[in-house]
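Written below as structure tokens is the structure these notes are about.
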Amino acid sequence: MLTSIGLIAVAMLLAPPLTRWLDERAAWVLALAPLVVFGHFLSLTPEIAAGGVILEHHAWVPALDVTLAFRLDGLSLLFALLISGIGTLIVLYAGSYLSDHHHLGRFHAYLLGFMAAMLGMVLADDLIAMFVFWELTSVASFLLIGFQHDKPESRRSALQALLITGGGGLALLAGLILLGSAGESWQFSGLSAAAIEGHALYPAILLLVLAGAFTKSAQIPFHLWLPNAMAAPTPVSAYLHSATMVKAGVYLLARLNPVLGGSAGWSTILIVIGAATALVGAVLAIRQTDLKRVLAYTTVTVLGQLTMLLGTNTRYGLQAFAIYLVAHALYKAALFMAVGAIDHATGTRQIPRLGGLIRYMPLTGFAVALAAFSNAGLPPFFGFIAKEFKYAGLIELGVVGWITTAVMILTNALLLTAAGLVFVRAFLGREGRYPRHPHEVSLPMWIGPMLLAFGGFVFGAFNNIAEIWLIDAAVQAVARDAVDVKLYLWGGLTPAVAASLLTVSLGVFFYLQRTRVRRRLSLWRVLWRVSGDMIWDRLLKRIFAFATGVADRFQHGSLRQHISLLVLAITGFTLVGVVSALAAGGGIRWPIPASPLSVAGTVGCVLAVAGAAAAAVMRGRVALVATLGASGLGLALFFLAANAPDVAITQLMVETLTVIFLALVLRKLPPLSGVGSRNPTAKRFHAVVAIALGAIVTALLLVSLSEPLPGNIARWYLDNSLPGGHGANVVNVILVDFRALDTLGEILVVALAGLAAASLLGASRKRQPGTAHPPHGQGNPEFGSVLLRQGMKPLSALLLLMSLVLLWRGHNLPGGGFIGGLVAACAVVLLALGDGVERARRMLRVPPAIIAATGLALAAGAGVIGLARGEAFLTGSWIFPGGLPLGSPLLFDVGVFLTVLGAVLHMLLRLLEREQAGDGPHEAAASRPTEG
Amino acid sequence: MEIVASVTAGLLVAIGIWMLLDRSLLRVVLGVVVLGNGVNLAVLLGGRLDGSVAAFADSADLAAAVNPLPQALVLTAIVIGFALFVFALAVLKRSWELHGNIETDRITAVAEEPAPDLPAEPVPAAPIAGQREVRG
């Protein structure tokens, strides 16, 4: 079964190129896929008809217990045959119908994609898999309705259909999840009816599932998307919106009838909603003048009747359901295709303009005649049997049944009138006024209606074929208990026959009096003024207005308010955590077990705070750079005092580079205006927010520090560093070995930030012609001193050398890839400042971006070594040539070195370049004299 | 030491947030740096300060070594923080070049494009109430 779906999916992928190659002839090739699938399912019919069931399992998400489980029983088979059989004809038809459309290939792809999804839906046994296919049909329907997306009407209808069916889909998902947990199985076939019906959540399940099914099958009040969906090209209307997709909801109801159908609620809701939908659909149908809309509303009627029949749950009702399902799919698809053909041939679908078409389109006319007879429920067509059984099924219900039967007689009479409109009005009588001269359509366009309509006749006249091969097995799959299935055209003088006679005479009467009937209906103006569409539009408008209001409230665009809110929330949550920890631990333990106060540490802390505080209030740009640098240095000092030499060196190098960057960028920015907000109230509020978070951070630290550190992770690293990582510098071993995957991610971030920042700073290493080219060998005028320039060269050489030493020794002594990379970057930057960027670039020989990429590749390559040895990614492997430990972590560290070096240089050189070249439209405005 | 360091971390965070709330984007960017420093300090403190020698596996007294794990975390955090800082600085510079403005409240007005249009209006005459308009 997965193969069948796959085959159609492959055809979908092939459709665009094939259509480009073969034009409309591609349809003949593409139609083979559904045809083969149809043949396949046809060959399985004997097995299923004999009561067999075919199962197929593929693991999908084993962790969540979701499988691609397929199950073919009578009901699935019936649907699968309809989908693939009608699908074949539709693909052929569409190739002709849209032969001159420039997106025919795309159309075929959408259509086949829908077919695959629909097939998957009816075959799926797994609840979740079924839901996924269900949603896919909604998406495909959206694409198909909106196919002529240059028309606003199409876009609106597509969106409406998607919102309604998609919203129902959400309800369905919730319902299915409840169903699965209540029914103790995630398979339709494994659901336990007893467990579900006795479950406390049964009403919720029922309502949610019904919401999903009703939206999909266009039941009142969700019916309005279906007539609007007629904005789609006719093949789509014929296929999705009459024969298949809209039946998905009905299919789901039928599938769940055995487990959900035992309650009075089920029957009541289904019968009431179904009957109401049927009546409304029929009344609206004969008010239309567009043939396609007539058919659309009769589809709504039929869907309502099918829903109602499932609600009856009687012997005749269920038989009528299966018969009607087939009969309707056959005649409605045929009628839609024929209407499309009429439109194609004459240029109009307006009923008042049509007439006498049989002279021009005899083949289409013949097909329409057959289909319309079946539609009208006249013997010996399949539609007649459906109608007989429908009445029989309803009458079985007693009083409710009689009332419903009365409604149905009226409905069916209206259906008969609609059928009359389609055939008698369009094909017989005097000739209509057509925009263009009518002609018979080509073979692919009449063969479909003909075959389908003929099928309706064959099934009706030789009804034992249908009974034995299709209907019996399908009814058994829908029914709660075994049902005796027996089809007949003439079952004696029963009440059903009387009802049938009444229907036909009423229908003929309505048809003859159709002008008067319509005029009568038009009198109920109040009713027509409040159309569902209008309510929908208003609702949508309200929702958009509401959403905009909500979004405006939260997305107000004020950064400061966002931050304030965020900080307050963090403060609040942390406060809760701190207070509850205190309550659980019996208050803070005082005095906090503290290590002795070190002079360097204290000085560092004071410097860090003082520098930051000064940076927060100073206005001058130079002062800003200096104070911020001092703050960072203080922190570095603290790290050193806290026995964290690696961290201290890193902080030091980063601080150096930060100052360089800041100094370069600040020159081009305007001086800072005031401090804080202009509004004093806001300023006070901001201060409170900041202090609150600071206080809570301090409190959090004090509370957690009053407890000893749980666990002994630190000890593990200390013990395993030498034997496992062959390195004494535990921090470095953690970085390049134990937690190398983290580091890999981190250097990736650094490289990406470098690339992004450099592209923001502006491209172009080439200078604009005309701008001053700095003389060779000369950098910024700030570094004009010869002495300084001469002194820089050996200094940067020394730094470069040192960076290599730091890299090499990093595994055992303070140093490593990060520190080495930063030091090397400093060296190159020094050179670039003194001698110009060109010089520095020439010395590097390789562009910095390439250096960073090489570094990343090396780091990842070092990980692959472990993989190649059959161990996990990034597992260290070591060799000892001459007692010297060499291992992949060292290679990884080299990668880190190069990445950091490359990323930093990539940004810095780009920045320097732009500074030295002189750039930017705002240059003149920006470079005011520096203050402070 | 722990108490001093905790207070320092709190103060750095507070100053960082205060700078984040400034109206000049430049100070906001610098605030990110200060805030990052405070958080780095807090992470390091989370691993406790007890231990009298640096974390080297060949040292004589392993029991007296400091906790190496937060150091490794903070080390990479510093480098990443630096990369973020430079990126933010680049954005700032670009924004100045493009819009000539680095005030937080104005930058939204200058830089924000009008919201993409809602789906095709069924009633083109009446615009949707409350639809967001381009400010500034």
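Convention: chains lettered A, B, ... in structure tokens order; per-chain residue numbering from 1; ligands numbered from 1 as shown.
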Mind checking which residues fall within 8 Å of Ala827 in chain A, counting only C-alpha atoms, ignoring those fewer than 4 positions away in the same chain, and posting them as a VMD selection string? chain A and resid 795 to 797 799 to 800 823 831
Per residue of chain B within 6 Å of chain A, record the nearest atom pair and its distance in Å to one decimal, counting only C-alpha atoms, with rows in chain order and ascending residue number, as a Markdown table.
| residue | atom | partner | partner_atom | distance |
| --- | --- | --- | --- | --- |
| B:Met1 | CA | A:Leu597 | CA | 4.6 |
| B:Glu2 | CA | A:Ala594 | CA | 5.7 |
| B:Ser6 | CA | A:Thr698 | CA | 5.2 |
| B:Val7 | CA | A:Thr698 | CA | 5.5 |
| B:Gly10 | CA | A:Gly694 | CA | 4.1 |
| B:Leu11 | CA | A:Gly694 | CA | 5.6 |
| B:Val13 | CA | A:Gly694 | CA | 5.2 |
| B:Ala14 | CA | A:Gly694 | CA | 4.3 |
| B:Ile17 | CA | A:Ala690 | CA | 5.2 |
| B:Trp18 | CA | A:Ala690 | CA | 5.3 |
| B:Met19 | CA | A:Ala616 | CA | 6.0 |
| B:Leu21 | CA | A:Arg560 | CA | 5.2 |
| B:Asp22 | CA | A:Gly676 | CA | 4.5 |
| B:Arg23 | CA | A:Ser677 | CA | 5.9 |
| B:Ala54 | CA | A:Asn643 | CA | 4.6 |
| B:Ala55 | CA | A:Val730 | CA | 5.9 |
| B:Phe56 | CA | A:Asn729 | CA | 4.9 |
| B:Ala57 | CA | A:Ala728 | CA | 4.6 |
| B:Asp58 | CA | A:Ala728 | CA | 5.6 |
| B:Asn67 | CA | A:Ala714 | CA | 5.2 |
| B:Pro68 | CA | A:Val731 | CA | 5.4 |
| B:Ala72 | CA | A:Val731 | CA | 5.2 |
| B:Leu75 | CA | A:Val647 | CA | 5.2 |
| B:Ile80 | CA | A:Val750 | CA | 5.9 |
| B:Ala83 | CA | A:Val750 | CA | 5.6 |
| B:Phe87 | CA | A:Ala757 | CA | 4.6 |
| B:Ala90 | CA | A:Ala757 | CA | 5.4 |
| B:Glu97 | CA | A:His922 | CA | 5.6 |
| B:Ala129 | CA | A:Ala545 | CA | 5.8 |
| B:Gly130 | CA | A:Ala545 | CA | 5.8 |
Output C-alpha atoms for every residue in that selection, as a tab-separated table (two decimals), in the first residue's frame.
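And here is the file that came out, again.tsv:
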chain	number	residue	atom	x	y	z
B	1	MET	CA	36.14	36.60	48.87
B	2	GLU	CA	32.90	34.96	47.85
B	6	SER	CA	28.95	37.96	44.62
B	7	VAL	CA	28.33	41.61	45.20
B	10	GLY	CA	25.40	41.66	41.13
B	11	LEU	CA	26.71	45.15	40.57
B	13	VAL	CA	24.69	42.82	36.17
B	14	ALA	CA	22.85	45.85	37.48
B	17	ILE	CA	21.03	46.25	32.62
B	18	TRP	CA	21.07	49.95	33.31
B	19	MET	CA	23.19	50.43	30.20
B	21	LEU	CA	18.08	50.51	29.09
B	22	ASP	CA	19.93	53.55	27.82
B	23	ARG	CA	18.54	55.44	24.87
B	54	ALA	CA	45.15	26.21	39.60
B	55	ALA	CA	43.59	23.17	37.96
B	56	PHE	CA	46.60	21.27	36.68
B	57	ALA	CA	46.49	17.53	36.80
B	58	ASP	CA	50.21	17.21	37.48
B	67	ASN	CA	37.08	23.54	39.88
B	68	PRO	CA	38.13	23.48	36.21
B	72	ALA	CA	36.23	26.03	30.64
B	75	LEU	CA	36.61	30.77	28.73
B	80	ILE	CA	31.72	34.06	22.12
B	83	ALA	CA	32.20	37.72	18.81
B	87	PHE	CA	28.71	41.71	15.62
B	90	ALA	CA	28.97	46.12	13.24
B	97	GLU	CA	25.76	54.65	8.07
B	129	ALA	CA	-9.54	48.44	11.58
B	130	GLY	CA	-6.44	48.96	13.61
Would you mind listing what lies within 12 Å of Pro46 in chain A as JSON, numbers by chain, with only C-alpha atoms counted and same-chain residues fewer than 2 positions away left out? {"A": [40, 41, 42, 43, 44, 48, 49, 50, 51, 52, 53, 54, 73, 74, 77, 465, 468, 469, 470, 472, 473]}
Just to be explicit: take each residue in the selection above, keep C-alpha atoms, and write the result as a compact mmCIF listing (two decimals), in the first residue's frame.
# COMPACT_ATOMS: atom_id res chain seq x y z
CA HIS A 40 -3.78 -3.16 -8.02
CA PHE A 41 -6.67 -2.46 -5.71
CA LEU A 42 -9.10 -4.06 -8.15
CA SER A 43 -7.02 -7.23 -8.02
CA LEU A 44 -7.31 -7.19 -4.22
CA ILE A 48 -11.46 -8.16 0.68
CA ALA A 49 -14.93 -9.15 -0.55
CA ALA A 50 -14.39 -12.56 1.01
CA GLY A 51 -13.97 -10.81 4.35
CA GLY A 52 -10.20 -10.56 4.33
CA VAL A 53 -8.15 -7.66 5.66
CA ILE A 54 -4.68 -6.72 4.43
CA ASP A 73 -10.74 -3.40 4.56
CA GLY A 74 -14.01 -2.96 2.72
CA LEU A 77 -10.98 -0.43 -0.56
CA ILE A 465 -22.09 -7.01 -8.82
CA ILE A 468 -20.90 -8.82 -3.81
CA TRP A 469 -17.68 -7.03 -4.63
CA LEU A 470 -17.91 -3.67 -2.91
CA ASP A 472 -21.00 -5.83 1.44
CA ALA A 473 -17.44 -5.56 2.73
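Here CA of Leu886 in chain A is placed at a distance of 29.3 Å from CA of Met843 in chain A.
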Phe114 in chain A: which residues within 8 Å, counting only C-alpha atoms, same-chain residues fewer than 3 positions away excluded, as a short mmCIF file (atom, residue, chain, number, x, y, z; two decimals) with N, CA and C atoms, in the first residue's frame?
data_model
loop_
_atom_site.label_atom_id
_atom_site.label_comp_id
_atom_site.auth_asym_id
_atom_site.auth_seq_id
_atom_site.Cartn_x
_atom_site.Cartn_y
_atom_site.Cartn_z
N TYR A 110 0.22 19.13 -8.12
CA TYR A 110 -0.69 19.33 -6.99
C TYR A 110 -1.73 18.21 -6.95
N LEU A 111 -2.29 17.93 -8.11
CA LEU A 111 -3.38 16.97 -8.18
C LEU A 111 -2.91 15.59 -7.73
N ALA A 117 -1.94 11.85 -0.90
CA ALA A 117 -2.33 12.13 0.48
C ALA A 117 -3.67 11.48 0.81
N MET A 118 -4.61 11.61 -0.12
CA MET A 118 -5.95 11.07 0.12
C MET A 118 -5.91 9.55 0.23
N LEU A 136 -2.46 16.87 4.98
CA LEU A 136 -1.87 17.02 3.65
C LEU A 136 -2.95 17.26 2.60
N THR A 137 -4.09 16.59 2.76
CA THR A 137 -5.16 16.83 1.79
C THR A 137 -5.65 18.27 1.90
N ALA A 140 -3.09 20.37 0.08
CA ALA A 140 -3.20 20.19 -1.37
C ALA A 140 -4.44 20.92 -1.88
N SER A 141 -5.52 20.84 -1.12
CA SER A 141 -6.75 21.51 -1.52
C SER A 141 -6.54 23.02 -1.59
#
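For the atom pair formed by CA of Leu123 in chain A and CA of Leu72 in chain A, the distance is 6.1 Å, given to one decimal.
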Apply DSSP to the backbone of this structure and, from range 11-114 of chain B, keep only the residues in alpha helix (DSSP H); write these as a VMD selection string. chain B and resid 11 to 20 25 to 46 68 to 99 104 to 111
Selection from above, C-alpha atoms, as a JSON list (two decimals), in the first residue's frame, can you write it?
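The resulting file, selection11.json, is shown below:
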[["chain", "number", "residue", "atom", "x", "y", "z"],
["B", 11, "LEU", "CA", 26.71, 45.15, 40.57],
["B", 12, "LEU", "CA", 28.04, 44.31, 37.13],
["B", 13, "VAL", "CA", 24.69, 42.82, 36.17],
["B", 14, "ALA", "CA", 22.85, 45.85, 37.48],
["B", 15, "ILE", "CA", 25.13, 48.26, 35.63],
["B", 16, "GLY", "CA", 24.82, 46.13, 32.49],
["B", 17, "ILE", "CA", 21.03, 46.25, 32.62],
["B", 18, "TRP", "CA", 21.07, 49.95, 33.31],
["B", 19, "MET", "CA", 23.19, 50.43, 30.20],
["B", 20, "LEU", "CA", 20.90, 48.16, 28.21],
["B", 25, "LEU", "CA", 22.37, 52.10, 21.13],
["B", 26, "LEU", "CA", 26.09, 52.42, 21.72],
["B", 27, "ARG", "CA", 25.66, 52.17, 25.44],
["B", 28, "VAL", "CA", 23.28, 49.28, 24.89],
["B", 29, "VAL", "CA", 26.01, 47.41, 23.06],
["B", 30, "LEU", "CA", 28.50, 48.18, 25.79],
["B", 31, "GLY", "CA", 25.92, 47.11, 28.33],
["B", 32, "VAL", "CA", 25.91, 43.69, 26.72],
["B", 33, "VAL", "CA", 29.64, 43.48, 27.43],
["B", 34, "VAL", "CA", 29.27, 44.52, 31.06],
["B", 35, "LEU", "CA", 26.33, 42.20, 31.57],
["B", 36, "GLY", "CA", 28.36, 39.39, 30.00],
["B", 37, "ASN", "CA", 31.22, 40.06, 32.36],
["B", 38, "GLY", "CA", 28.88, 39.91, 35.34],
["B", 39, "VAL", "CA", 27.34, 36.66, 34.22],
["B", 40, "ASN", "CA", 30.74, 35.13, 33.51],
["B", 41, "LEU", "CA", 31.82, 36.02, 37.00],
["B", 42, "ALA", "CA", 28.63, 34.48, 38.40],
["B", 43, "VAL", "CA", 29.20, 31.23, 36.48],
["B", 44, "LEU", "CA", 32.74, 31.02, 37.77],
["B", 45, "LEU", "CA", 31.48, 31.64, 41.29],
["B", 46, "GLY", "CA", 28.92, 28.89, 40.87],
["B", 68, "PRO", "CA", 38.13, 23.48, 36.21],
["B", 69, "LEU", "CA", 34.69, 23.02, 34.62],
["B", 70, "PRO", "CA", 33.29, 26.54, 35.09],
["B", 71, "GLN", "CA", 36.62, 27.88, 33.91],
["B", 72, "ALA", "CA", 36.23, 26.03, 30.64],
["B", 73, "LEU", "CA", 32.67, 27.29, 30.30],
["B", 74, "VAL", "CA", 33.63, 30.87, 31.05],
["B", 75, "LEU", "CA", 36.61, 30.77, 28.73],
["B", 76, "THR", "CA", 34.50, 29.95, 25.68],
["B", 77, "ALA", "CA", 31.80, 32.31, 26.90],
["B", 78, "ILE", "CA", 34.29, 35.16, 26.87],
["B", 79, "VAL", "CA", 35.29, 34.45, 23.28],
["B", 80, "ILE", "CA", 31.72, 34.06, 22.12],
["B", 81, "GLY", "CA", 30.74, 37.18, 24.00],
["B", 82, "PHE", "CA", 33.47, 38.99, 22.14],
["B", 83, "ALA", "CA", 32.20, 37.72, 18.81],
["B", 84, "LEU", "CA", 28.70, 38.85, 19.72],
["B", 85, "PHE", "CA", 30.00, 42.22, 20.79],
["B", 86, "VAL", "CA", 31.79, 42.78, 17.50],
["B", 87, "PHE", "CA", 28.71, 41.71, 15.62],
["B", 88, "ALA", "CA", 26.57, 44.15, 17.59],
["B", 89, "LEU", "CA", 29.11, 46.85, 16.97],
["B", 90, "ALA", "CA", 28.97, 46.12, 13.24],
["B", 91, "VAL", "CA", 25.19, 46.40, 13.30],
["B", 92, "LEU", "CA", 25.51, 49.68, 15.13],
["B", 93, "LYS", "CA", 27.97, 51.06, 12.65],
["B", 94, "ARG", "CA", 25.88, 49.93, 9.72],
["B", 95, "SER", "CA", 22.78, 51.46, 11.21],
["B", 96, "TRP", "CA", 24.58, 54.76, 11.66],
["B", 97, "GLU", "CA", 25.76, 54.65, 8.07],
["B", 98, "LEU", "CA", 22.34, 53.80, 6.70],
["B", 99, "HIS", "CA", 20.05, 55.83, 8.89],
["B", 104, "THR", "CA", 16.92, 52.95, 20.37],
["B", 105, "ASP", "CA", 13.49, 54.50, 20.10],
["B", 106, "ARG", "CA", 14.09, 56.15, 16.78],
["B", 107, "ILE", "CA", 15.87, 53.26, 15.14],
["B", 108, "THR", "CA", 12.65, 51.22, 14.99],
["B", 109, "ALA", "CA", 10.86, 54.05, 13.31],
["B", 110, "VAL", "CA", 13.61, 54.59, 10.77],
["B", 111, "ALA", "CA", 14.45, 51.01, 10.02]]
At a cut-off of 8 Å, using only C-alpha atoms, what residues contact range 487-499 of chain A? Leave out same-chain residues fewer than 2 positions from it and give the result as a VMD selection string. chain A and resid 379 to 380 384 to 385 388 to 389 391 to 392 395 409 460 to 461 463 to 464 467 485 501 to 503
Can you write out the residues you just picked, keeping C-alpha atoms, as a tab-separated table (two decimals), in the first residue's frame?
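Full text of part-v8.tsv as output:
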chain	number	residue	atom	x	y	z
A	379	PRO	CA	-34.63	3.60	-11.73
A	380	PRO	CA	-32.69	1.60	-12.75
A	384	PHE	CA	-32.35	5.07	-7.20
A	385	ILE	CA	-31.25	2.18	-5.00
A	388	GLU	CA	-34.82	3.63	-1.71
A	389	PHE	CA	-32.47	2.36	0.96
A	391	TYR	CA	-35.94	6.01	2.99
A	392	ALA	CA	-36.02	2.46	4.27
A	395	ILE	CA	-38.31	4.75	8.35
A	409	ILE	CA	-38.43	13.92	0.49
A	460	GLY	CA	-27.87	0.02	-10.61
A	461	ALA	CA	-29.04	-2.42	-13.22
A	463	ASN	CA	-26.73	-4.44	-8.52
A	464	ASN	CA	-25.54	-7.83	-7.38
A	467	GLU	CA	-23.25	-5.87	-3.65
A	485	VAL	CA	-26.53	-6.83	2.88
A	501	LEU	CA	-42.98	8.25	-5.82
A	502	LEU	CA	-43.80	11.31	-3.80
A	503	THR	CA	-40.25	12.59	-4.25
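Nearest to Ala832 in chain A of all the residues A:Leu909, A:Pro362, A:Ala322, A:Asp343 is A:Leu909, counting only C-alpha atoms.
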Let's see if you can do this: from backbone DSSP, list all strand (DSSP E or B) residues in range 52-191 of chain A, as a count of residues only. 18
Near Leu284 in chain A, within 9 Å and counting only C-alpha atoms, which residues show up once chain neighbours fewer than 3 positions away are dropped, as a list in words? Leu279, Val280, Gly281, Arg287, Gln288, Val294, Tyr297 and Thr298 of chain A
Requested write-out: C-alpha atoms of the selected residues, as a PDB file, in the first residue's frame:
ATOM      1  CA  LEU A 279     -32.004  20.763   3.294  1.00  0.00           C
ATOM      2  CA  VAL A 280     -30.051  24.025   3.282  1.00  0.00           C
ATOM      3  CA  GLY A 281     -27.805  22.741   0.508  1.00  0.00           C
ATOM      4  CA  ARG A 287     -31.349  29.366  -6.280  1.00  0.00           C
ATOM      5  CA  GLN A 288     -28.101  29.355  -8.242  1.00  0.00           C
ATOM      6  CA  VAL A 294     -25.719  24.286  -8.465  1.00  0.00           C
ATOM      7  CA  TYR A 297     -24.652  23.012  -3.296  1.00  0.00           C
ATOM      8  CA  THR A 298     -26.065  19.617  -4.230  1.00  0.00           C
TER       9      THR A 298
END
Applying 8 Å and only C-alpha atoms, which residues near Ala69 in chain A remain after dropping the ones on its own chain fewer than 4 positions away? List them as a ChimeraX atom specification. /A:55-58,124-126,129,187
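Atom pair CA of Val550 in chain A / CA of Ile535 in chain A has a distance of 22.2 Å (rounded to one decimal).
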